[in-house]
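Colleague: Below is the file start.txt, with compact mmCIF, C-alpha atoms and all ligand atoms.
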# COMPACT_ATOMS: atom_id res chain seq x y z
CA MET P 201 42.19 -19.85 -52.64
CA THR P 202 39.93 -16.88 -52.96
CA ASP P 203 39.58 -14.10 -55.50
CA ALA P 204 40.66 -11.81 -52.68
CA SER P 205 44.07 -13.42 -52.52
CA ILE P 206 44.44 -13.07 -56.30
CA THR P 207 43.54 -9.40 -55.96
CA ALA P 208 46.13 -9.08 -53.18
CA LEU P 209 48.78 -10.60 -55.45
CA LEU P 210 47.82 -8.35 -58.38
CA SER P 211 47.91 -5.37 -56.03
CA ALA P 212 51.63 -5.92 -55.56
CA ILE P 213 52.11 -5.02 -59.24
CA PRO P 214 52.55 -1.24 -59.57
CA LEU P 215 50.84 -1.20 -62.99
CA PRO P 216 47.23 -1.79 -63.99
CA ALA P 217 46.80 -5.59 -64.00
CA LEU P 218 43.80 -7.89 -64.11
CA LEU P 219 43.07 -11.59 -64.40
CA VAL P 220 40.63 -12.86 -67.03
CA GLY P 221 39.42 -16.34 -66.08
CA ARG P 222 38.79 -19.25 -68.44
CA GLY P 223 35.12 -18.29 -68.43
CA GLU P 224 36.15 -14.92 -69.96
CA ARG P 225 35.06 -12.95 -66.91
CA ILE P 226 37.40 -10.73 -64.94
CA ILE P 227 38.22 -12.59 -61.74
CA ALA P 228 40.32 -9.90 -60.12
CA ALA P 229 41.80 -6.47 -60.82
CA ASN P 230 44.26 -4.34 -58.90
CA PRO P 231 43.58 -0.70 -57.86
CA PRO P 232 45.57 0.96 -60.72
CA THR P 233 43.14 -0.57 -63.26
CA SER P 234 40.39 1.74 -62.00
CA ALA P 235 42.20 4.69 -63.59
CA LEU P 236 41.82 2.95 -66.96
CA PHE P 237 38.50 1.14 -66.70
CA GLY P 238 36.61 2.61 -63.75
CA PRO P 239 36.10 1.16 -60.28
CA SER P 240 34.11 -2.06 -60.60
CA VAL P 241 35.33 -4.40 -63.28
CA THR P 242 35.45 -7.65 -61.33
CA GLY P 243 32.85 -10.17 -62.42
CA ARG P 244 32.23 -8.50 -65.78
CA HIS P 245 32.92 -10.08 -69.15
CA PHE P 246 36.29 -8.74 -70.28
CA ILE P 247 34.91 -7.67 -73.67
CA THR P 248 32.64 -5.12 -71.98
CA VAL P 249 35.57 -3.65 -70.07
CA ILE P 250 38.57 -3.55 -72.39
CA ARG P 251 36.77 -2.91 -75.67
CA GLN P 252 39.75 -2.43 -77.98
CA PRO P 253 39.74 -5.17 -80.65
CA ASN P 254 43.50 -5.79 -80.70
CA VAL P 255 43.61 -6.23 -76.92
CA LEU P 256 40.55 -8.52 -77.01
CA ASP P 257 42.27 -10.59 -79.71
CA ALA P 258 45.44 -10.82 -77.61
CA VAL P 259 43.47 -12.04 -74.55
CA GLU P 260 41.53 -14.59 -76.64
CA HIS P 261 44.66 -15.90 -78.33
CA CYS P 262 46.37 -16.21 -74.97
CA LEU P 263 43.39 -18.14 -73.55
CA ALA P 264 43.56 -20.44 -76.55
CA ASP P 265 47.30 -21.06 -76.98
CA ARG P 266 48.62 -20.14 -73.50
CA GLN P 267 51.48 -18.15 -75.07
CA VAL P 268 52.48 -14.59 -74.18
CA HIS P 269 50.80 -12.00 -76.43
CA LYS P 270 51.72 -8.32 -76.58
CA THR P 271 49.80 -5.45 -78.08
CA GLN P 272 49.10 -1.76 -77.48
CA TYR P 273 46.19 -0.06 -75.75
CA LEU P 274 45.35 3.58 -76.44
CA ALA P 275 43.66 5.54 -73.69
CA THR P 276 42.43 9.11 -73.63
CA ARG P 277 42.16 10.65 -70.21
CA ARG P 278 41.48 14.30 -69.49
CA GLY P 279 42.08 15.07 -73.16
CA GLN P 280 45.52 13.43 -73.13
CA ASP P 281 46.36 10.38 -75.21
CA SER P 282 48.38 7.65 -73.54
CA THR P 283 49.81 4.53 -75.11
CA TYR P 284 50.11 1.38 -73.03
CA GLU P 285 51.99 -1.77 -73.86
CA VAL P 286 49.73 -4.69 -72.98
CA THR P 287 51.18 -8.06 -72.02
CA CYS P 288 48.88 -11.07 -71.78
CA SER P 289 50.40 -14.07 -69.99
CA TYR P 290 48.64 -17.31 -69.22
CA VAL P 291 48.76 -18.49 -65.61
CA ASP P 292 47.76 -21.89 -64.34
CA THR P 293 48.14 -22.02 -60.58
CA PRO P 294 46.10 -23.29 -57.64
CA LEU P 295 45.34 -19.62 -57.05
CA GLY P 296 43.59 -19.21 -60.37
CA GLN P 297 43.66 -19.89 -64.05
CA GLY P 298 43.43 -17.52 -66.95
CA VAL P 299 45.16 -14.57 -68.54
CA VAL P 300 46.96 -11.91 -66.53
CA VAL P 301 46.73 -8.68 -68.50
CA VAL P 302 49.27 -6.01 -67.54
CA PHE P 303 49.22 -2.43 -68.92
CA GLN P 304 52.48 -0.51 -69.02
CA ASP P 305 52.24 3.22 -69.73
CA LEU P 306 54.67 4.11 -72.52
CA THR P 307 53.71 7.80 -72.72
CA MET P 308 56.77 9.15 -70.90
CA LEU P 309 59.04 6.87 -72.89
CA THR P 310 57.43 7.94 -76.18
CA LYS P 311 57.68 11.58 -75.12
CA ALA P 312 61.36 11.25 -74.16
CA GLU P 313 62.04 9.52 -77.47
CA GLN P 314 60.26 12.32 -79.35
CA MET P 315 62.24 14.96 -77.41
CA ARG P 316 65.48 13.21 -78.25
CA ARG P 317 64.57 13.09 -81.94
CA ASP P 318 63.56 16.79 -81.96
CA PHE P 319 66.77 17.71 -80.18
CA VAL P 320 68.97 15.89 -82.68
CA ALA P 321 67.00 17.42 -85.57
CA ASN P 322 67.40 20.92 -84.06
CA VAL P 323 71.12 20.54 -83.44
CA SER P 324 71.67 19.20 -86.96
CA HIS P 325 69.70 22.07 -88.42
CA GLU P 326 71.63 24.66 -86.38
CA LEU P 327 74.97 23.19 -87.44
CA ARG P 328 74.02 22.69 -91.05
CA THR P 329 73.38 26.37 -91.79
CA PRO P 330 76.91 27.62 -90.96
CA LEU P 331 78.44 24.47 -92.38
CA THR P 332 76.70 24.97 -95.72
CA ALA P 333 77.95 28.56 -95.78
CA LEU P 334 81.51 27.43 -95.04
CA ILE P 335 81.47 24.77 -97.75
CA GLY P 336 80.08 27.29 -100.25
CA PHE P 337 82.79 29.85 -99.50
CA ILE P 338 85.57 27.26 -99.63
CA GLU P 339 84.37 26.27 -103.11
CA THR P 340 84.23 29.89 -104.21
CA LEU P 341 87.72 30.58 -102.87
CA ARG P 342 89.09 27.56 -104.67
CA GLY P 343 87.34 28.46 -107.92
CA PRO P 344 85.93 31.78 -109.11
CA ALA P 345 87.49 33.94 -106.36
CA LYS P 346 90.87 32.24 -106.42
CA ASP P 347 92.83 35.28 -107.47
CA ASP P 348 90.60 37.99 -106.04
CA ALA P 349 92.34 39.27 -102.92
CA GLY P 350 89.44 41.57 -101.94
CA ALA P 351 86.86 38.79 -102.18
CA ARG P 352 89.16 36.46 -100.26
CA GLU P 353 89.33 38.86 -97.32
CA ARG P 354 85.57 39.35 -97.31
CA PHE P 355 84.82 35.65 -97.53
CA LEU P 356 87.36 34.71 -94.89
CA GLU P 357 85.70 37.15 -92.54
CA ILE P 358 82.29 35.59 -93.10
CA MET P 359 83.81 32.11 -92.75
CA ALA P 360 85.38 33.07 -89.44
CA ARG P 361 81.98 34.32 -88.22
CA GLU P 362 80.23 31.12 -89.24
CA ALA P 363 82.93 28.98 -87.62
CA GLU P 364 82.60 31.01 -84.42
CA ARG P 365 78.86 30.43 -84.50
CA MET P 366 79.43 26.68 -84.66
CA GLU P 367 81.95 26.90 -81.85
CA ARG P 368 79.46 28.82 -79.67
CA LEU P 369 76.78 26.27 -80.39
CA VAL P 370 79.04 23.36 -79.43
CA LYS P 371 80.13 25.25 -76.29
CA ASP P 372 76.51 25.89 -75.27
CA LEU P 373 75.52 22.29 -75.97
CA LEU P 374 78.36 21.02 -73.81
CA SER P 375 77.48 23.44 -71.06
CA LEU P 376 73.83 22.36 -71.16
CA SER P 377 74.75 18.71 -70.97
CA HIS P 378 77.20 19.46 -68.14
CA VAL P 379 74.54 21.32 -66.13
CA GLU P 380 72.01 18.56 -66.75
CA GLY P 381 74.49 15.97 -65.60
CA GLU P 382 74.88 17.81 -62.31
CA ALA P 383 71.20 18.64 -61.88
CA ARG P 384 70.81 16.55 -58.76
CA MET P 385 74.06 17.60 -57.12
CA ARG P 386 73.55 20.57 -54.86
CA PRO P 387 76.40 23.08 -55.29
CA THR P 388 78.57 23.44 -52.21
CA GLU P 389 80.67 26.58 -52.59
CA ARG P 390 79.95 30.01 -51.18
CA VAL P 391 79.45 32.71 -53.77
CA GLU P 392 79.34 36.44 -53.07
CA LEU P 393 76.76 37.98 -55.37
CA SER P 394 77.60 41.70 -55.45
CA GLY P 395 81.21 40.93 -56.36
CA LEU P 396 79.97 38.56 -59.03
CA MET P 397 77.74 41.27 -60.49
CA GLN P 398 80.65 43.72 -60.62
CA SER P 399 82.87 41.16 -62.25
CA VAL P 400 80.33 40.18 -64.93
CA SER P 401 79.64 43.83 -65.63
CA SER P 402 83.38 44.52 -66.18
CA ALA P 403 83.76 41.44 -68.38
CA LEU P 404 80.89 42.58 -70.58
CA ALA P 405 81.90 46.26 -70.67
CA PRO P 406 83.45 45.98 -74.16
CA LEU P 407 80.29 44.36 -75.56
CA ALA P 408 78.16 47.05 -73.90
CA ARG P 409 80.41 49.82 -75.23
CA ASP P 410 80.19 48.47 -78.79
CA ALA P 411 76.40 48.40 -78.49
CA ASP P 412 76.35 51.86 -76.93
CA VAL P 413 74.69 50.52 -73.79
CA ALA P 414 75.54 51.57 -70.22
CA ILE P 415 75.53 48.90 -67.49
CA GLU P 416 74.26 50.14 -64.10
CA ILE P 417 74.57 48.24 -60.84
CA GLU P 418 72.17 48.69 -57.94
CA ALA P 419 73.23 46.84 -54.81
CA GLY P 420 73.51 47.59 -51.13
CA PRO P 421 76.90 47.88 -49.46
CA GLU P 422 76.65 44.49 -47.70
CA GLU P 423 78.01 41.30 -49.15
CA VAL P 424 75.43 38.62 -49.93
CA HIS P 425 76.57 35.03 -49.92
CA VAL P 426 74.69 32.06 -51.35
CA GLN P 427 75.55 28.41 -51.58
CA GLY P 428 76.32 27.96 -55.25
CA ASP P 429 78.58 27.10 -58.11
CA PRO P 430 80.55 30.27 -58.95
CA ASP P 431 81.13 29.42 -62.62
CA GLN P 432 77.51 28.55 -63.18
CA LEU P 433 76.16 31.63 -61.42
CA ARG P 434 78.57 33.71 -63.50
CA GLN P 435 77.16 32.05 -66.59
CA VAL P 436 73.59 32.89 -65.52
CA LEU P 437 74.40 36.58 -65.13
CA THR P 438 76.52 36.67 -68.27
CA ASN P 439 73.78 35.13 -70.41
CA LEU P 440 71.15 37.49 -69.02
CA VAL P 441 73.25 40.63 -69.39
CA GLU P 442 74.37 39.61 -72.90
CA ASN P 443 70.73 39.15 -73.90
CA ALA P 444 69.76 42.48 -72.33
CA ILE P 445 72.53 44.19 -74.33
CA LYS P 446 71.74 42.29 -77.56
CA TYR P 447 67.97 42.50 -77.56
CA GLY P 448 67.41 45.62 -75.46
CA ARG P 449 70.09 47.85 -76.90
CA THR P 450 67.60 50.49 -78.05
CA GLY P 451 66.97 51.22 -74.35
CA LYS P 452 70.61 52.32 -74.06
CA ARG P 453 71.05 50.96 -70.54
CA VAL P 454 70.90 47.74 -68.59
CA THR P 455 70.39 47.55 -64.83
CA LEU P 456 71.71 44.76 -62.62
CA ARG P 457 69.98 44.77 -59.26
CA LEU P 458 70.70 42.79 -56.11
CA GLY P 459 67.82 42.86 -53.62
CA GLN P 460 67.93 42.63 -49.85
CA PRO P 461 67.71 39.15 -48.34
CA GLU P 462 64.07 38.53 -47.47
CA GLU P 463 61.47 35.85 -46.81
CA MET P 464 60.33 34.45 -50.18
CA PRO P 465 57.17 32.33 -50.30
CA GLU P 466 58.22 30.87 -53.67
CA LEU P 467 61.36 29.49 -52.03
CA GLN P 468 59.65 28.58 -48.78
CA GLY P 469 62.34 30.42 -46.89
CA ARG P 470 64.80 33.27 -47.03
CA GLY P 471 66.21 34.22 -50.39
CA VAL P 472 67.70 36.95 -52.46
CA ALA P 473 66.69 38.32 -55.87
CA LEU P 474 69.12 39.15 -58.64
CA SER P 475 67.63 40.90 -61.61
CA VAL P 476 68.66 42.13 -65.01
CA THR P 477 66.51 44.81 -66.64
CA ASP P 478 66.69 46.31 -70.08
CA TYR P 479 64.59 49.12 -71.51
CA GLY P 480 64.39 47.82 -75.07
CA ALA P 481 61.65 46.41 -77.28
CA GLY P 482 60.34 43.87 -74.76
CA ILE P 483 58.87 40.44 -75.47
CA ASP P 484 55.27 39.65 -76.40
CA GLU P 485 53.68 37.71 -73.53
CA ILE P 486 52.76 34.76 -75.76
CA HIS P 487 56.48 33.93 -76.07
CA ILE P 488 57.39 34.20 -72.40
CA PRO P 489 56.43 30.67 -71.24
CA ARG P 490 58.50 29.15 -74.04
CA LEU P 491 61.67 31.25 -73.82
CA THR P 492 63.56 28.70 -71.74
CA GLU P 493 62.94 25.88 -74.23
CA ARG P 494 66.02 24.85 -76.14
CA PHE P 495 66.31 26.63 -79.47
CA TYR P 496 63.20 28.72 -78.89
CA ARG P 497 63.65 32.21 -80.29
CA VAL P 498 61.21 35.07 -80.68
CA ASP P 499 62.83 36.11 -83.92
CA SER P 500 65.17 33.42 -85.27
CA HIS P 501 66.68 35.62 -87.91
CA ARG P 502 67.52 38.38 -85.43
CA SER P 503 68.88 35.94 -82.84
CA ARG P 504 71.18 34.30 -85.40
CA GLU P 505 72.30 37.68 -86.66
CA MET P 506 73.24 38.57 -83.08
CA GLY P 507 75.19 35.32 -82.76
CA GLY P 508 72.55 33.67 -80.56
CA THR P 509 72.34 29.90 -80.24
CA GLY P 510 68.84 29.77 -78.71
CA LEU P 511 70.27 27.89 -75.74
CA GLY P 512 71.18 30.75 -73.39
CA LEU P 513 67.98 30.87 -71.35
CA ALA P 514 67.68 27.06 -71.30
CA ILE P 515 71.11 26.96 -69.64
CA VAL P 516 70.06 29.70 -67.19
CA LYS P 517 66.90 27.79 -66.26
CA HIS P 518 68.82 24.56 -65.62
CA ILE P 519 71.43 26.27 -63.48
CA VAL P 520 68.79 28.09 -61.44
CA THR P 521 66.90 24.83 -60.90
CA ARG P 522 70.10 23.12 -59.75
CA HIS P 523 70.47 25.93 -57.20
CA ARG P 524 66.86 25.35 -56.10
CA GLY P 525 66.05 28.85 -57.21
CA ARG P 526 63.32 30.34 -59.39
CA MET P 527 63.40 32.35 -62.58
CA ARG P 528 60.78 35.01 -63.38
CA ILE P 529 60.49 36.80 -66.69
CA SER P 530 58.39 39.94 -66.99
CA SER P 531 58.25 42.14 -70.02
CA THR P 532 56.23 44.98 -71.50
CA LEU P 533 56.32 45.62 -75.22
CA GLY P 534 58.04 48.89 -75.94
CA GLU P 535 59.27 49.27 -72.35
CA GLY P 536 61.69 46.45 -71.73
CA THR P 537 62.30 43.19 -69.94
CA THR P 538 63.27 42.15 -66.43
CA ILE P 539 64.51 38.68 -65.59
CA ARG P 540 64.64 37.94 -61.86
CA ILE P 541 66.55 35.08 -60.37
CA LEU P 542 65.53 34.12 -56.84
CA LEU P 543 68.15 32.14 -54.93
CA PRO P 544 67.68 30.49 -51.54
CA LEU P 545 69.88 31.74 -48.74
CA ASP P 546 69.99 28.97 -46.21
P1 LIG P 601 69.68 33.38 -77.99
O1 LIG P 601 70.96 32.64 -78.09
O2 LIG P 601 68.85 33.34 -79.23
O3 LIG P 601 69.87 34.74 -77.43
P2 LIG P 601 68.34 32.70 -75.49
O4 LIG P 601 67.88 31.37 -74.99
O5 LIG P 601 69.34 33.44 -74.67
O6 LIG P 601 68.83 32.48 -76.96
O7 LIG P 601 67.05 33.60 -75.65
C1 LIG P 601 65.94 33.09 -76.35
C2 LIG P 601 65.18 34.20 -77.06
O8 LIG P 601 64.57 35.06 -76.10
C3 LIG P 601 66.07 35.12 -77.89
O9 LIG P 601 66.25 34.59 -79.19
C4 LIG P 601 65.28 36.41 -77.91
O10 LIG P 601 64.34 36.35 -78.95
C5 LIG P 601 64.51 36.39 -76.58
N1 LIG P 601 65.12 37.25 -75.54
C6 LIG P 601 65.96 36.87 -74.56
N2 LIG P 601 66.29 37.92 -73.76
C7 LIG P 601 65.63 38.99 -74.26
C8 LIG P 601 65.54 40.38 -73.89
N3 LIG P 601 66.22 40.87 -72.84
N4 LIG P 601 64.74 41.19 -74.63
C9 LIG P 601 64.05 40.70 -75.69
N5 LIG P 601 64.10 39.42 -76.10
C10 LIG P 601 64.88 38.57 -75.40
Represent the structure contained in this file as structure tokens.
Ligand code: ADP

Modeller:
Amino acid sequence: MTDASITALLSAIPLPALLVGRGERIIAANPPTSALFGPSVTGRHFITVIRQPNVLDAVEHCLADRQVHKTQYLATRRGQDSTYEVTCSYVDTPLGQGVVVVFQDLTMLTKAEQMRRDFVANVSHELRTPLTALIGFIETLRGPAKDDAGARERFLEIMAREAERMERLVKDLLSLSHVEGEARMRPTERVELSGLMQSVSSALAPLARDADVAIEIEAGPEEVHVQGDPDQLRQVLTNLVENAIKYGRTGKRVTLRLGQPEEMPELQGRGVALSVTDYGAGIDEIHIPRLTERFYRVDSHRSREMGGTGLGLAIVKHIVTRHRGRMRISSTLGEGTTIRILLPLD
């Protein structure tokens, strides 16, 4: 058997893998190893290639006791740290003898784990604030304010607001998880967009009136149909118009615009643009790339005061992605914000 056939076998493994022979030289390595150690490692002493003491120890122990040894390997490539789990297994076959060292990249796993932890911490934090307020008011109503009818009314009102905030948060979380669950399922219904715009505008008319904001609609007379999920597209528009009213109210008006169907390079085909514009304070450009992250807010205090959960734009982004569309945010401080949703037509 030749080293070439060992290399061929190692090449079937879709992870960096190499064989260190009993003479402590690398007998064979598969192509993915070159990303970690450079192109020509075969024939070299393994110590000059791998270099990290814990991995060297694992290989040496495996050569000595022929047991499986696991450790971690830290690599920095293009400024990014990656963690690999290294498994050293002794092989004794007619093909070759020595230690097969396999490197499994754990970066994505570690990242996903970190995201999960952050998410749970964020949700807990968001729920704890209203919950603490509720518990505090319940105690006050049971104790010092027991017989104070005026205080009771006031506190109950605040308690109702806090409970509604929790309800909204739970609703948004469920909606996000629902959209994520369906991310790979292309929606199948036909949705008419100008009717949808009218309908969302009517549904939000009371909110707009209370904020002293006028909703304007600019759309051609023709109907425009897309393949979509009507409830989800309604949610996209609702979230965007609600934000425009909440955060852009100083501009006094909000414009919903439906463009003409046209060729869109970003969609690699024909599409249509729906946009929501407000003429309020605008958003500093440093925040724009992060607005669709869960719980990201430009001004947390203001968002909470307005009843925001910090999940609205994350939900919009997920829905648009499910529809194979694009979302574009442009804003000028002091002039206002436009969010465009591009949806494919065919
Ligand atoms: P929230 O529930 O806080 O409104 P969103 O995900 O909908 O969460 O929005 C994230 C943040 O983006 C908001 O907290 C707000 O700071 C900012 N934002 C969204 N829309 C606008 C807008 N039209 N004008 C200014 N800021 C906005």

Colleague: Mind checking which residues fall within 12 Å of Ala411 (chain P), counting only C-alpha atoms, ignoring those fewer than 3 positions away in the same chain, and posting them as a PDB file with C-alpha atoms, keeping the file's coordinate frame?

Modeller:
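Output below, filename part-v1.pdb:
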ATOM      1  CA  LEU P 404      80.890  42.580 -70.580  1.00  0.00           C
ATOM      2  CA  ALA P 405      81.900  46.260 -70.670  1.00  0.00           C
ATOM      3  CA  PRO P 406      83.450  45.980 -74.160  1.00  0.00           C
ATOM      4  CA  LEU P 407      80.290  44.360 -75.560  1.00  0.00           C
ATOM      5  CA  ALA P 408      78.160  47.050 -73.900  1.00  0.00           C
ATOM      6  CA  ALA P 414      75.540  51.570 -70.220  1.00  0.00           C
ATOM      7  CA  ILE P 415      75.530  48.900 -67.490  1.00  0.00           C
ATOM      8  CA  GLU P 442      74.370  39.610 -72.900  1.00  0.00           C
ATOM      9  CA  ASN P 443      70.730  39.150 -73.900  1.00  0.00           C
ATOM     10  CA  ALA P 444      69.760  42.480 -72.330  1.00  0.00           C
ATOM     11  CA  ILE P 445      72.530  44.190 -74.330  1.00  0.00           C
ATOM     12  CA  LYS P 446      71.740  42.290 -77.560  1.00  0.00           C
ATOM     13  CA  TYR P 447      67.970  42.500 -77.560  1.00  0.00           C
ATOM     14  CA  GLY P 448      67.410  45.620 -75.460  1.00  0.00           C
ATOM     15  CA  ARG P 449      70.090  47.850 -76.900  1.00  0.00           C
ATOM     16  CA  THR P 450      67.600  50.490 -78.050  1.00  0.00           C
ATOM     17  CA  GLY P 451      66.970  51.220 -74.350  1.00  0.00           C
ATOM     18  CA  LYS P 452      70.610  52.320 -74.060  1.00  0.00           C
ATOM     19  CA  ARG P 453      71.050  50.960 -70.540  1.00  0.00           C
ATOM     20  CA  VAL P 454      70.900  47.740 -68.590  1.00  0.00           C
ATOM     21  CA  MET P 506      73.240  38.570 -83.080  1.00  0.00           C
TER      22      MET P 506
END

Colleague: Measuring atom to atom with all atoms listed in the file, identify which of P:Cys288, P:Ala473, P:Val255, P:Ile515 is nearest to Ser377 (chain P).

Modeller: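 For Ser377 (chain P), the nearest of the candidates is P:Ile515.
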
Colleague: Using only C-alpha atoms, can you list as a PyMOL selection string the residues within 9 Å of (65.8, 27.5, -56.7)?

Modeller: chain P and resi 466-467+519-527+541-544

Colleague: Compute the set of protein, DNA and RNA residues whose minimum atom distance to ligand LIG 601 (chain P) is at most 6 Å, using only C-alpha atoms and all ligand atoms, and state it as a list of chain:residue names.

Modeller: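 Residues lying within 6 Å of ligand LIG 601 (chain P): P:Asn443, P:Ala444, P:Tyr447, P:Gly448, P:Gly482, P:Ile483, P:Leu491, P:Tyr496, P:Arg497, P:Val498, P:Asp499, P:Ser503, P:Gly508, P:Thr509, P:Gly510, P:Leu511, P:Gly512, P:Leu513, P:Ala514, P:Thr537.
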
Colleague: Using only C-alpha atoms, can you list as a PDB file with C-alpha atoms, in the coordinates of the input the residues within 12 Å of (46.3, -12.4, -78.3)?

Modeller:
ATOM      1  CA  GLN P 252      39.750  -2.430 -77.980  1.00  0.00           C
ATOM      2  CA  PRO P 253      39.740  -5.170 -80.650  1.00  0.00           C
ATOM      3  CA  ASN P 254      43.500  -5.790 -80.700  1.00  0.00           C
ATOM      4  CA  VAL P 255      43.610  -6.230 -76.920  1.00  0.00           C
ATOM      5  CA  LEU P 256      40.550  -8.520 -77.010  1.00  0.00           C
ATOM      6  CA  ASP P 257      42.270 -10.590 -79.710  1.00  0.00           C
ATOM      7  CA  ALA P 258      45.440 -10.820 -77.610  1.00  0.00           C
ATOM      8  CA  VAL P 259      43.470 -12.040 -74.550  1.00  0.00           C
ATOM      9  CA  GLU P 260      41.530 -14.590 -76.640  1.00  0.00           C
ATOM     10  CA  HIS P 261      44.660 -15.900 -78.330  1.00  0.00           C
ATOM     11  CA  CYS P 262      46.370 -16.210 -74.970  1.00  0.00           C
ATOM     12  CA  LEU P 263      43.390 -18.140 -73.550  1.00  0.00           C
ATOM     13  CA  ALA P 264      43.560 -20.440 -76.550  1.00  0.00           C
ATOM     14  CA  ASP P 265      47.300 -21.060 -76.980  1.00  0.00           C
ATOM     15  CA  ARG P 266      48.620 -20.140 -73.500  1.00  0.00           C
ATOM     16  CA  GLN P 267      51.480 -18.150 -75.070  1.00  0.00           C
ATOM     17  CA  VAL P 268      52.480 -14.590 -74.180  1.00  0.00           C
ATOM     18  CA  HIS P 269      50.800 -12.000 -76.430  1.00  0.00           C
ATOM     19  CA  LYS P 270      51.720  -8.320 -76.580  1.00  0.00           C
ATOM     20  CA  THR P 271      49.800  -5.450 -78.080  1.00  0.00           C
ATOM     21  CA  GLN P 272      49.100  -1.760 -77.480  1.00  0.00           C
ATOM     22  CA  VAL P 286      49.730  -4.690 -72.980  1.00  0.00           C
ATOM     23  CA  THR P 287      51.180  -8.060 -72.020  1.00  0.00           C
ATOM     24  CA  CYS P 288      48.880 -11.070 -71.780  1.00  0.00           C
ATOM     25  CA  SER P 289      50.400 -14.070 -69.990  1.00  0.00           C
ATOM     26  CA  TYR P 290      48.640 -17.310 -69.220  1.00  0.00           C
ATOM     27  CA  VAL P 299      45.160 -14.570 -68.540  1.00  0.00           C
ATOM     28  CA  VAL P 300      46.960 -11.910 -66.530  1.00  0.00           C
ATOM     29  CA  VAL P 301      46.730  -8.680 -68.500  1.00  0.00           C
TER      30      VAL P 301
END

Colleague: Using all atoms listed in the file, I'd like a table of the residues in region 460-533 of chain P that come within 12 Å of region 418-425 of chain P; for each, show the closest atom pair and its distance in Å rounded to one decimal, ordered by chain and ascending number, as a Markdown table.

Modeller:
| residue | atom | partner | partner_atom | distance |
| --- | --- | --- | --- | --- |
| P:Gln460 | CA | P:Gly420 | CA | 7.6 |
| P:Pro461 | CA | P:Val424 | CA | 7.9 |
| P:Glu462 | CA | P:Val424 | CA | 11.6 |
| P:Gly471 | CA | P:Val424 | CA | 10.2 |
| P:Val472 | CA | P:Val424 | CA | 8.3 |
| P:Ala473 | CA | P:Val424 | CA | 10.6 |
| P:Leu474 | CA | P:Ala419 | CA | 9.5 |
| P:Ser475 | CA | P:Glu418 | CA | 9.7 |
| P:Val476 | CA | P:Glu418 | CA | 10.3 |
| P:Thr477 | CA | P:Glu418 | CA | 11.1 |

Colleague: Output C-alpha atoms for every residue in that selection, as a PDB file, in the frame of the given file.

Modeller:
ATOM      1  CA  GLN P 460      67.930  42.630 -49.850  1.00  0.00           C
ATOM      2  CA  PRO P 461      67.710  39.150 -48.340  1.00  0.00           C
ATOM      3  CA  GLU P 462      64.070  38.530 -47.470  1.00  0.00           C
ATOM      4  CA  GLY P 471      66.210  34.220 -50.390  1.00  0.00           C
ATOM      5  CA  VAL P 472      67.700  36.950 -52.460  1.00  0.00           C
ATOM      6  CA  ALA P 473      66.690  38.320 -55.870  1.00  0.00           C
ATOM      7  CA  LEU P 474      69.120  39.150 -58.640  1.00  0.00           C
ATOM      8  CA  SER P 475      67.630  40.900 -61.610  1.00  0.00           C
ATOM      9  CA  VAL P 476      68.660  42.130 -65.010  1.00  0.00           C
ATOM     10  CA  THR P 477      66.510  44.810 -66.640  1.00  0.00           C
TER      11      THR P 477
END

Colleague: Please provide the set of residues having any atom within 10 Å of region 330-342 of chain P, restricted to all atoms listed in the file, with same-chain residues fewer than 3 positions apart removed, written as a PyMOL selection string.

Modeller: chain P and resi 325-327+345-349+351-352+355-356+358-366

Colleague: Just the residues within 8 Å of Leu274 (chain P), please, counting only C-alpha atoms, with nothing from its chain fewer than 5 positions along; format it as a PyMOL selection string.

Modeller: chain P and resi 281-284

Colleague: Determine the axis-aligned bounding box of all atoms of region 262-280 of chain P present in the file, pad each side by 3 Å, and express its centre and edge lengths in Å to one decimal place as lines of an AutoDock Vina configuration file.

Modeller:
center_x = 47.0
center_y = -3.0
center_z = -73.8
size_x = 17.0
size_y = 42.1
size_z = 14.6

Colleague: Using only C-alpha atoms, which of the listed residues (P:Gln432, P:Thr455, P:Thr307, P:Thr207) sits closest to Val391 (chain P)?

Modeller: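 Among the listed residues, P:Gln432 lies closest to Val391 (chain P).
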
Colleague: Taking all atoms listed in the file into account, name the residue in P:Arg277, P:Gln427, P:Asp372, P:Ala208 that is nearest to Arg386 (chain P).

Modeller: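 Of P:Arg277, P:Gln427, P:Asp372, P:Ala208, the one nearest Arg386 (chain P) is P:Gln427, counting all atoms listed in the file.
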
Colleague: Between P:Arg225, P:Arg354, P:His378, P:His501, which residue has the minimum interatomic distance to Ile250 (chain P), considering only C-alpha atoms?

Modeller: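 The answer is P:Arg225, which sits nearest to Ile250 (chain P).
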
Colleague: Measure the distance from CA of Asn230 (chain P) to CA of Pro216 (chain P) in Å and round it to one decimal.

Modeller: 6.4 Å

Colleague: Using all atoms listed in the file, find the one residue out of P:Lys517, P:Arg384, P:Arg317, P:Arg434 that sits nearest to Met397 (chain P).

Modeller: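 Ranking P:Lys517, P:Arg384, P:Arg317, P:Arg434 by distance to Met397 (chain P), first place goes to P:Arg434.
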
Colleague: In Å, with one decimal, what is the gap from CA of Ala217 (chain P) to CA of Leu236 (chain P)?

Modeller: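 Atom-to-atom, CA of Ala217 (chain P) and CA of Leu236 (chain P) are spaced 10.3 Å apart.
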
Colleague: For CA of Ser394 (chain P) and CA of Arg409 (chain P), determine how far apart the two atoms are, in Å to one decimal place.

Modeller: 21.6 Å

Colleague: Of the candidates P:Ser240, P:Phe303, P:Glu285, P:Gln280, which one gets nearest to Pro214 (chain P) if we count all atoms listed in the file?

Modeller: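 Comparing P:Ser240, P:Phe303, P:Glu285, P:Gln280 against Pro214 (chain P), the winner is P:Phe303.
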